[in-house]
Every structure is written in C-alpha cells, then in structure tokens.
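These notes concern the structure reproduced below.
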There are 2 protein chains.
Amino acid sequence: MSGTEKTEKTKKMKNPVTGGKPGTAGRPVGRPRRLDPEVMVATARRIVEEEGVAALSMRRVAKELGSTPMALYHYVRDKDELLMLTLSGTAAAFPRPELPEDPRERLVAVAAHMHDIIGRIPWVLDILALGELTDRNALWMVEEIIDCALACGLSPARSVRAYRTIWSYVYGDLVFRRAAARRAENPSRREFFPEMVTGKDRAELPRLAEIKDRWREYAADYETVEELDAIVDGLLRRGTRGAKG
Amino acid sequence: MSGTEKTEKTKKMKNPVTGGKPGTAGRPVGRPRRLDPEVMVATARRIVEEEGVAALSMRRVAKELGSTPMALYHYVRDKDELLMLTLSGTAAAFPRPELPEDPRERLVAVAAHMHDIIGRIPWVLDILALGELTDRNALWMVEEIIDCALACGLSPARSVRAYRTIWSYVYGDLVFRRAAARRAENPSRREFFPEMVTGKDRAELPRLAEIKDRWREYAADYETVEELDAIVDGLLRRGTRGAKG
DNA sequence: ACCTGAACACCGTTCAAGT
DNA sequence: ACCTGAACACCGTTCAAGT
C-alpha cells in the first residue's frame with residue numbers, strides 16, 4: 001500500500017528442491033552440486049525439531065553443511081520458504097489411527113487427531129501461521145474431514161467452511177496451550193488476567209470479580225475434544241437446516 | 001527439563017511502569033529518572049503500530065528516546081515484557097458498540113466485535129500469542145461473554161470454557177486471515193494446497209480431487225460471524241443439557 | 001536508583017565476483 | 001549453474017562500571 005513494503009521480486013525458479021535431480025534422468029548440466037537441497041531441508045528440520053524455530057537461521061544451516069549462507073538462496077527464496085519446506089514429511093511420522101465409522105464421530109476423531117499430533121510438535125505452529133498447508137502427508141486428514149462433513153449432510157461449500165472453522169479453533173487452542181506451557185516453565189512474570197481483576201472492579205466487571213479466583217481452576221479442566229464435539233454439533237446443525245450455501 | 005533451557009532469573013521488581021510515580025506522593029528517592037517508562041511503552045507501541053512487531057527492537061526504542069538499550073532493562077525484564085505492555089490501552093481506542101439485549105445474540109455480537117477490532121490491528125496477534133490478557137480496557141468483552149453464557153444457562157465452569165473456545169477460534173481465524181492478506185500482497189510463492197492435489201490423487205483423496213478447483217471460491221465466502229453463531233449454538237446446547245461441569 | 005559503554009555472539013539479505 | 005566473500009545494517013542480552 002505505502003512505499004515502505006518489501007520490493008517485489010519476480011525471479012522465477014523451477015522448484016529446485018522437489019524437482020528432478022540431475023543424474024536420475026538426462027545428464028547433469030552446468031556445475032555439479034555441492035549442496036544437496038534435500039539435505040539442506042533435512043538439516044533445517046533437525047535444528048527446528050531439536051531447538052525450536054527461533055534457533056533456525058540461514059547462517060546456522062549453512063555452517064552445519066560446511067557451506068555459506070548465500071548458497072541456500074539458490075534453492076529457496078527466503079527464510080520463510082525454507083521454514084515451510086521443513087514441514088513436508090512431518091505428518092508421515094504419525095501413523096493413521098483407527099477411526100470410528102459414524103461420520104460425525106469420525107469427524108471429531110480426525111480433528112482431535114490433528115490437534116494431538118501438532119500438540120506433540122509445537123514448533124510447527126509458527127510455520128502453520130504462514131497459512132500454507134505444505135505437507136502432503138497431512139492431506140488425508142483434510143480429506144476425512146470434508147468426507148465426513150459431506151456424509152453428515154453439509155454441502156461442499158459448507159464442508160470447506162466447516163473445515164476452516166475447525167482448523168482455526170484447533171490452531172488457536174494449540175497456541176494458547178503452548179503459551180501456558182511456556183508460562184509454567186518460566187513463571188517469574190508480571191501477573192495479568194485474571195489476577196488483575198480486584199474488588200474495585202466489582203461495579204464494572206461483576207462476573208469476573210466473582211469468578212476470578214476459580215478461573216484458573218475451571219480453565220484447568222478444559223478438554224479440547226469436548227469443545228470440538230460441541231463445535232461440530234453447531235456446525236452440523238447449522239449446515240443441515242437452511243437452504244443457503 | 002534438560003540443561004539447555006534459559007537459566008531462570010529471580011530478580012524481583014515492583015512493576016515500575018504501572019507503579020507509583022515519584023513526585024505524585026512521597027518524595028523521589030535516588031537518582032531522578034531520565035527515561036520515563038510510560039514514554040518508553042508509548043514509543044514501543046508507535047513503532048509496532050506503524051511498522052509491525054518485527055520492527056520493534058530494544059535498540060530502536062532506546063535510540064528514539066536518546067537512551068541506551070540497557071536502560072530499558074531497568075523497567076522490563078526482557079523484550080517480551082515490553083511487547084506485552086504495548087498492548088495496554090489498545091482496546092480503549094475502540095468504542096463500546098450497541099449490543100443486542102438477548103443474551104445469545106449478545107454473546108455472538110461481542111465475539112464478533114472482538115474479532116473485528118483485532119482484525120483492524122493485526123500486529124497484536126503476535127503479542128496475544130504470548131497468552132496474556134494485559135489490557136484492562138478489553139476486560140469488558142470477557143465480562144460480557146461470561147455474563148451472556150451464564151444468562152444462557154451455562155454453569156460458571158462451562159462459561160469460562162466457552163469463553164476460551166470462542167477466543168481460540170477467533171484468534172485462529174485472525175491468524176489465517178492475516179496469512180491470506182500477506183499472500184495476496186506477496187503472491188510470488190510456491191503453490192501448495194489446494195493446488196498440490198492432482199488427478200493422480202483421485203484414489204487416495206477423492207473428495208479433495210473433486211473439490212479442489214472450487215476450494216478457493218468456497219473459502220472466499222467464509223463469514224466469521226456465521227461460524228461464530230454456529231459455534232455458540234453448539235456450546236450452548238452442550239452446556240445446558242448434561243449434568244457435568 | 002538509574003544509566004552508560006563495551007563486548008559477545010549472533011541475524012537476513014544484497015551485491016559483485018568467481019568457477 | 002552453482003557457489004563464495006565481503007559488506008550492510010542490524011539484533012538481545014551480559015557484565016562491569018559510573019553518577
């Protein structure tokens with residue numbers, strides 16, 4: 001909008017990471033590779049798995065590969081692209097679980113499974129925030145959710161939207177679970193909500209003043225699957241009544 | 001868990017930013033301030049509003065104040081704390097809207113309003129990801145949601161959980177809206193889902209293969225308020241039936 | 001009590017050049 | 001085609017010292 005944005009780059013590349021490797025078919029042209037892009041992604045992935053997204057840097061990956069930072073830019077446009085590539089193959093590590101036959105139950109079970117596996121690898125949240133679904137091995141979950149929604153009587157359009165709603169909820173829930181885990185690890189911080197509510201707030205915030213001492217206790221009983229069940233309930237009721245969508 | 005975590009700091013401070021100012025009551029002790037902590041937070045806030053969270057640095061704030069980076073550490077423990085403080089006062093800029101009387105409608109309207117105001121200041125998402133509600137001016141929305149949930153027949157415990165579910169959804173939705181906006185601004189990226197689904201996937205991903213060309217069209221019609229309405233529907237039905245909670 | 005200065009150990013990315 | 005090296009313009013935080 002303004003003049004302060006990043007200048008747009010229009011360099012085109014032919015997906016050198018997933019694209020055909022020289023040596024497999026046709027003879028390699030030009031200088032032989034020193035840096036294997038698959039190894040580059042694997043290295044980035046290991047760093048991110050072991051030390052978190054914050055530990056990943058172009059310089060670090062280059063150093064571990066005995067290469068230079070700029071060599072990586074031959075295979076990715078920028079750091080975000082490398083980050084997104086580290087996601088590919090992640091879901092493959094988690095076996096496909098047994099799922100109930102009933103489509104409604106199955107829908108909740110798949111959503112719960114998504115929640116579960118991402119909860120075990122919280123570093124992916126920062127990458128998923130980029131809004132791209134880059135891992136083919138995760139597509140079966142999307143397929144299942146759409147299939148179940150259709151089987152429950154939703155239109156294709158409503159099924160896609162129901163998927164997005166469920167995914168937004170799952171994502172948000174995981175972000176706040178991670179935040180809570182970090183707070184528990186690193187407890188010496190200022191106290192905000194609900195501690196910030198005091199007796200003086202009784203006039204303006206009567207419910208919060210009343211409930212604040214039990215807030216954390218109630219929140220501790222939070223069960224994502226129960227909430228998912230309620231959300232799916234709402235989405236299916238809405239989708240199978242009206243004419244629209 | 002392991003030995004690689006940050007070492008824990010136990011320095012205690014008496015909230016020097018929001019705490020009593022010298023000159024107001026009692027005489028100031030020790031060296032007079034050169035750096036006003038409120039100005040420090042205001043400066044950080046301006047940077048973040050104008051240029052985004054990525055543009056905020058301790059060094060930058062110090063420079064704009066004609067101070068040194070380390071001076072800031074007298075008032076905040078680390079950068080995250082400064083970031084959280086920039087949130088305070090944000091909600092005050094948005095007037096409290098007219099709300100419907102009916103508690104169910106009112107609940108949806110407040111949730112939609114939360115979604116709306118945060119959507120106008122997307123930089124807060126990165127700070128809200130820290131999981132703390134630091135802005136007293138936003139508490140009225142939590143109060144309203146809890147009040148409406150109680151009025152709709154939910155128990156206090158279920159009301160708190162309903163609030164968390166709604167908030168997780170709103171947060172997740174906003175993250176993906178921001179991601180979509182960024183993609184639209186900076187379109188030259190690799191293509192992932194749904195483009196990555198091809199005719200070859202028809203056997204394993206029949207629904208996705210069928211729907212993929214219309215996926216973006218369906219997603220474009222997504223209306224958060226409609227989805228919120230459905231979610232609230234599910235949460236209220238669940239909460240007002242069973243005995244538990 | 002409040003602040004400075006130097007230092008440590010890093011960043012992403014551009015650009016021109018080399019093989 | 002693929003990679004290097006130097007440079008630019010930065011980071012958060014620790015530590016010891018100064019007023």
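Letters A, B, ... go to the chains of the structure tokens in the order shown; residues in each chain start at 1; ligands are counted from 1 in the same order.
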
If we count only C-alpha atoms (C1' of nucleotides) and set the cut-off at 9 Å, which residues sit around Ala42 in chain A, ignoring sequence neighbours fewer than 5 positions away in its own chain? Please answer as an mmCIF file with C-alpha atoms, in the first residue's frame.
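Output below, filename result-v5.cif:
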data_model
loop_
_atom_site.group_PDB
_atom_site.id
_atom_site.type_symbol
_atom_site.label_atom_id
_atom_site.label_comp_id
_atom_site.auth_asym_id
_atom_site.auth_seq_id
_atom_site.Cartn_x
_atom_site.Cartn_y
_atom_site.Cartn_z
ATOM 1 C CA PRO A 37 18.752 -29.232 -1.281
ATOM 2 C CA ILE A 47 17.511 -27.785 14.057
ATOM 3 C CA THR A 86 10.724 -28.203 6.814
#

For chain C against chain A, which residues fall within 12 Å using only C-alpha atoms (C1' of nucleotides), given as a CSV table (one decimal) with C-alpha atoms (C1' of nucleotides), in the first residue's frame?
chain,number,residue,atom,x,y,z
C,10,DC,C1',24.7,-13.5,16.6
C,11,DC,C1',21.0,-12.1,12.5
C,12,DG,C1',18.8,-11.8,6.8
C,13,DT,C1',20.0,-10.2,2.7
C,14,DT,C1',22.4,-7.6,-1.3
C,15,DC,C1',25.9,-7.4,-4.5
C,19,DT,C1',34.5,-21.4,-11.3

Would you pick out the contacts of Leu154 in chain A at 10 Å or less, using only C-alpha atoms (C1' of nucleotides), so that residues sharing its chain but fewer than 5 positions from it are not included, and give the list as a list in words?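 So, after excluding close chain neighbours, the residues are Ile146, Asp147, Cys148, Ala149, Ser159, Val160, Ala162, Leu235, Leu236, Arg237, Arg238, Gly239, Thr240, Arg241 and Gly245 of chain A.
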
Generate the output file for the selected residues, N, CA and C atoms, as a PDB file, in the first residue's frame.
ATOM      1  N   ILE A 146     -13.564 -33.351   5.244  1.00  0.00           N
ATOM      2  CA  ILE A 146     -14.511 -32.983   4.178  1.00  0.00           C
ATOM      3  C   ILE A 146     -15.471 -34.142   3.905  1.00  0.00           C
ATOM      4  N   ASP A 147     -14.920 -35.329   3.818  1.00  0.00           N
ATOM      5  CA  ASP A 147     -15.754 -36.501   3.527  1.00  0.00           C
ATOM      6  C   ASP A 147     -16.821 -36.695   4.597  1.00  0.00           C
ATOM      7  N   CYS A 148     -16.435 -36.582   5.849  1.00  0.00           N
ATOM      8  CA  CYS A 148     -17.381 -36.744   6.961  1.00  0.00           C
ATOM      9  C   CYS A 148     -18.437 -35.647   6.942  1.00  0.00           C
ATOM     10  N   ALA A 149     -18.008 -34.425   6.672  1.00  0.00           N
ATOM     11  CA  ALA A 149     -18.956 -33.306   6.648  1.00  0.00           C
ATOM     12  C   ALA A 149     -19.996 -33.530   5.553  1.00  0.00           C
ATOM     13  N   SER A 159     -18.942 -27.624   3.821  1.00  0.00           N
ATOM     14  CA  SER A 159     -17.931 -28.559   4.335  1.00  0.00           C
ATOM     15  C   SER A 159     -16.565 -27.898   4.373  1.00  0.00           C
ATOM     16  N   VAL A 160     -16.251 -27.169   3.311  1.00  0.00           N
ATOM     17  CA  VAL A 160     -14.967 -26.467   3.268  1.00  0.00           C
ATOM     18  C   VAL A 160     -14.906 -25.442   4.388  1.00  0.00           C
ATOM     19  N   ALA A 162     -16.615 -25.494   7.180  1.00  0.00           N
ATOM     20  CA  ALA A 162     -16.566 -26.197   8.471  1.00  0.00           C
ATOM     21  C   ALA A 162     -15.129 -26.638   8.750  1.00  0.00           C
ATOM     22  N   LEU A 235     -21.853 -26.757  13.954  1.00  0.00           N
ATOM     23  CA  LEU A 235     -21.618 -26.651  12.505  1.00  0.00           C
ATOM     24  C   LEU A 235     -22.558 -27.561  11.719  1.00  0.00           C
ATOM     25  N   LEU A 236     -22.805 -28.752  12.249  1.00  0.00           N
ATOM     26  CA  LEU A 236     -23.662 -29.684  11.517  1.00  0.00           C
ATOM     27  C   LEU A 236     -25.123 -29.265  11.570  1.00  0.00           C
ATOM     28  N   ARG A 237     -25.575 -28.809  12.720  1.00  0.00           N
ATOM     29  CA  ARG A 237     -26.961 -28.352  12.838  1.00  0.00           C
ATOM     30  C   ARG A 237     -27.228 -27.196  11.876  1.00  0.00           C
ATOM     31  N   ARG A 238     -26.317 -26.256  11.875  1.00  0.00           N
ATOM     32  CA  ARG A 238     -26.475 -25.084  11.021  1.00  0.00           C
ATOM     33  C   ARG A 238     -26.467 -25.480   9.548  1.00  0.00           C
ATOM     34  N   GLY A 239     -25.578 -26.374   9.206  1.00  0.00           N
ATOM     35  CA  GLY A 239     -25.393 -26.705   7.801  1.00  0.00           C
ATOM     36  C   GLY A 239     -26.493 -27.574   7.221  1.00  0.00           C
ATOM     37  N   THR A 240     -27.191 -28.318   8.042  1.00  0.00           N
ATOM     38  CA  THR A 240     -28.171 -29.251   7.510  1.00  0.00           C
ATOM     39  C   THR A 240     -29.596 -28.723   7.576  1.00  0.00           C
ATOM     40  N   ARG A 241     -29.745 -27.473   8.056  1.00  0.00           N
ATOM     41  CA  ARG A 241     -31.096 -26.899   8.097  1.00  0.00           C
ATOM     42  C   ARG A 241     -31.358 -25.975   6.908  1.00  0.00           C
ATOM     43  N   GLY A 245     -25.912 -21.869   0.897  1.00  0.00           N
ATOM     44  CA  GLY A 245     -24.571 -22.431   0.929  1.00  0.00           C
ATOM     45  C   GLY A 245     -24.537 -23.858   0.529  1.00  0.00           C
TER      46      GLY A 245
END

Please return, as a compact mmCIF listing (two decimals) with N, CA and C atoms, in the first residue's frame, all residues of chain A lying within 7 Å of chain B when only C-alpha atoms are considered.
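Printed below is part_32.txt as written:
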# COMPACT_ATOMS: atom_id res chain seq x y z
N ALA A 129 1.39 -20.80 10.87
CA ALA A 129 0.88 -19.42 10.90
C ALA A 129 1.08 -18.74 9.55
N LEU A 130 1.96 -19.28 8.72
CA LEU A 130 2.15 -18.72 7.39
C LEU A 130 0.98 -19.06 6.47
N GLY A 131 0.12 -19.94 6.95
CA GLY A 131 -1.13 -20.19 6.25
C GLY A 131 -1.07 -21.17 5.10
N GLU A 132 0.05 -21.85 4.94
CA GLU A 132 0.15 -22.81 3.85
C GLU A 132 0.17 -24.23 4.40
N LEU A 133 -0.55 -25.09 3.73
CA LEU A 133 -0.52 -26.50 4.07
C LEU A 133 0.45 -27.14 3.11
N THR A 134 1.66 -27.44 3.60
CA THR A 134 2.74 -27.84 2.69
C THR A 134 3.03 -29.33 2.73
N TRP A 140 -4.62 -36.39 4.16
CA TRP A 140 -5.66 -37.37 4.43
C TRP A 140 -6.62 -36.87 5.51
N GLU A 143 -9.03 -34.52 3.82
CA GLU A 143 -9.94 -35.39 3.07
C GLU A 143 -11.00 -36.00 3.97
N ILE A 146 -13.56 -33.35 5.24
CA ILE A 146 -14.51 -32.98 4.18
C ILE A 146 -15.47 -34.14 3.90
N ASP A 147 -14.92 -35.33 3.82
CA ASP A 147 -15.75 -36.50 3.53
C ASP A 147 -16.82 -36.70 4.60
N ALA A 157 -19.64 -26.51 -0.16
CA ALA A 157 -19.19 -25.20 0.32
C ALA A 157 -19.18 -25.15 1.84
N VAL A 160 -16.25 -27.17 3.31
CA VAL A 160 -14.97 -26.47 3.27
C VAL A 160 -14.91 -25.44 4.39
N ARG A 161 -15.99 -24.74 4.60
CA ARG A 161 -16.01 -23.72 5.65
C ARG A 161 -15.95 -24.36 7.04
N THR A 165 -13.19 -23.65 9.95
CA THR A 165 -13.57 -23.28 11.32
C THR A 165 -12.92 -24.21 12.34
N SER A 168 -9.20 -23.48 12.44
CA SER A 168 -8.90 -22.24 13.16
C SER A 168 -8.98 -22.46 14.66
N TYR A 169 -10.00 -23.18 15.10
CA TYR A 169 -10.12 -23.45 16.53
C TYR A 169 -8.95 -24.29 17.04
N TYR A 171 -6.02 -24.64 15.83
CA TYR A 171 -4.80 -23.84 15.82
C TYR A 171 -4.74 -22.89 17.01
N GLY A 172 -5.83 -22.14 17.23
CA GLY A 172 -5.86 -21.19 18.35
C GLY A 172 -5.67 -21.90 19.68
N ASP A 173 -6.35 -23.00 19.84
CA ASP A 173 -6.21 -23.76 21.09
C ASP A 173 -4.76 -24.17 21.33
N VAL A 175 -2.04 -22.76 20.19
CA VAL A 175 -1.21 -21.59 20.50
C VAL A 175 -1.31 -21.26 22.00
N PHE A 176 -2.53 -21.31 22.54
CA PHE A 176 -2.66 -20.94 23.95
C PHE A 176 -2.20 -22.05 24.89
N ALA A 179 1.47 -21.39 24.99
CA ALA A 179 1.73 -20.22 25.84
C ALA A 179 1.66 -20.61 27.32
N ALA A 180 0.67 -21.42 27.67
CA ALA A 180 0.52 -21.83 29.07
C ALA A 180 1.70 -22.68 29.51
N SER A 188 8.28 -16.49 36.38
CA SER A 188 8.51 -15.21 37.01
C SER A 188 8.17 -14.04 36.10
N PHE A 192 -1.13 -10.81 35.03
CA PHE A 192 -2.18 -10.10 34.31
C PHE A 192 -3.52 -10.74 34.64
N PHE A 193 -4.32 -10.99 33.63
CA PHE A 193 -5.61 -11.60 33.88
C PHE A 193 -5.45 -13.04 34.34
N LEU A 205 -17.15 -4.97 36.46
CA LEU A 205 -16.90 -6.34 36.00
C LEU A 205 -17.40 -7.34 37.04
N ARG A 207 -19.14 -10.15 37.07
CA ARG A 207 -18.96 -11.60 36.86
C ARG A 207 -17.50 -12.00 37.02
N LEU A 208 -16.62 -11.21 36.47
CA LEU A 208 -15.19 -11.54 36.56
C LEU A 208 -14.72 -11.42 38.01
N TYR A 218 -11.16 -23.65 36.74
CA TYR A 218 -12.08 -24.01 35.66
C TYR A 218 -11.31 -24.24 34.36
N ALA A 219 -10.37 -23.36 34.08
CA ALA A 219 -9.62 -23.45 32.83
C ALA A 219 -8.78 -24.72 32.79
N TYR A 222 -10.21 -27.80 31.15
CA TYR A 222 -10.56 -27.65 29.75
C TYR A 222 -10.17 -28.88 28.94
N GLU A 227 -14.85 -29.69 23.50
CA GLU A 227 -15.18 -28.44 22.81
C GLU A 227 -15.33 -28.69 21.31
N ALA A 230 -18.67 -30.04 20.67
CA ALA A 230 -19.70 -29.01 20.68
C ALA A 230 -19.67 -28.18 19.39
N ILE A 231 -18.47 -27.84 18.95
CA ILE A 231 -18.33 -27.03 17.73
C ILE A 231 -18.91 -27.79 16.53
N ASP A 233 -21.06 -30.09 16.56
CA ASP A 233 -22.50 -30.10 16.76
C ASP A 233 -23.14 -28.85 16.15
N GLY A 234 -22.60 -27.71 16.50
CA GLY A 234 -23.12 -26.45 15.98
C GLY A 234 -22.99 -26.35 14.47
N LEU A 235 -21.85 -26.76 13.95
CA LEU A 235 -21.62 -26.65 12.51
C LEU A 235 -22.56 -27.56 11.72
N ARG A 238 -26.32 -26.26 11.87
CA ARG A 238 -26.48 -25.08 11.02
C ARG A 238 -26.47 -25.48 9.55

What's around DT4 in chain D at 12 Å? Count only C-alpha atoms (C1' of nucleotides), leave out sequence neighbours fewer than 2 positions away in its own chain, and write the answer as a ChimeraX atom specification. /A:67-72 /C:16-19 /D:2,6

Please report the interatomic distance between CA of Val53 in chain B and CA of Leu82 in chain A in Å with one decimal. 21.3 Å

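Ranking A:Arg46, A:Lys63, A:Arg96, A:Arg33 by their shortest atom-to-atom distance to DC3 in chain D, with only C-alpha atoms (C1' of nucleotides) included, puts A:Arg33 first.
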
List every residue of range 71-242 of chain B that DSSP, applied to the backbone of this structure, assigns to helix (DSSP H, G or I), and report them as a PyMOL selection string. chain B and resi 71-72+79-85+91-93+103-120+124-128+136-151+156-185+199-202+206-220+224-241

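Interatomic distance, CA of Met40 in chain A against CA of Val61 in chain A: 7.1 Å.
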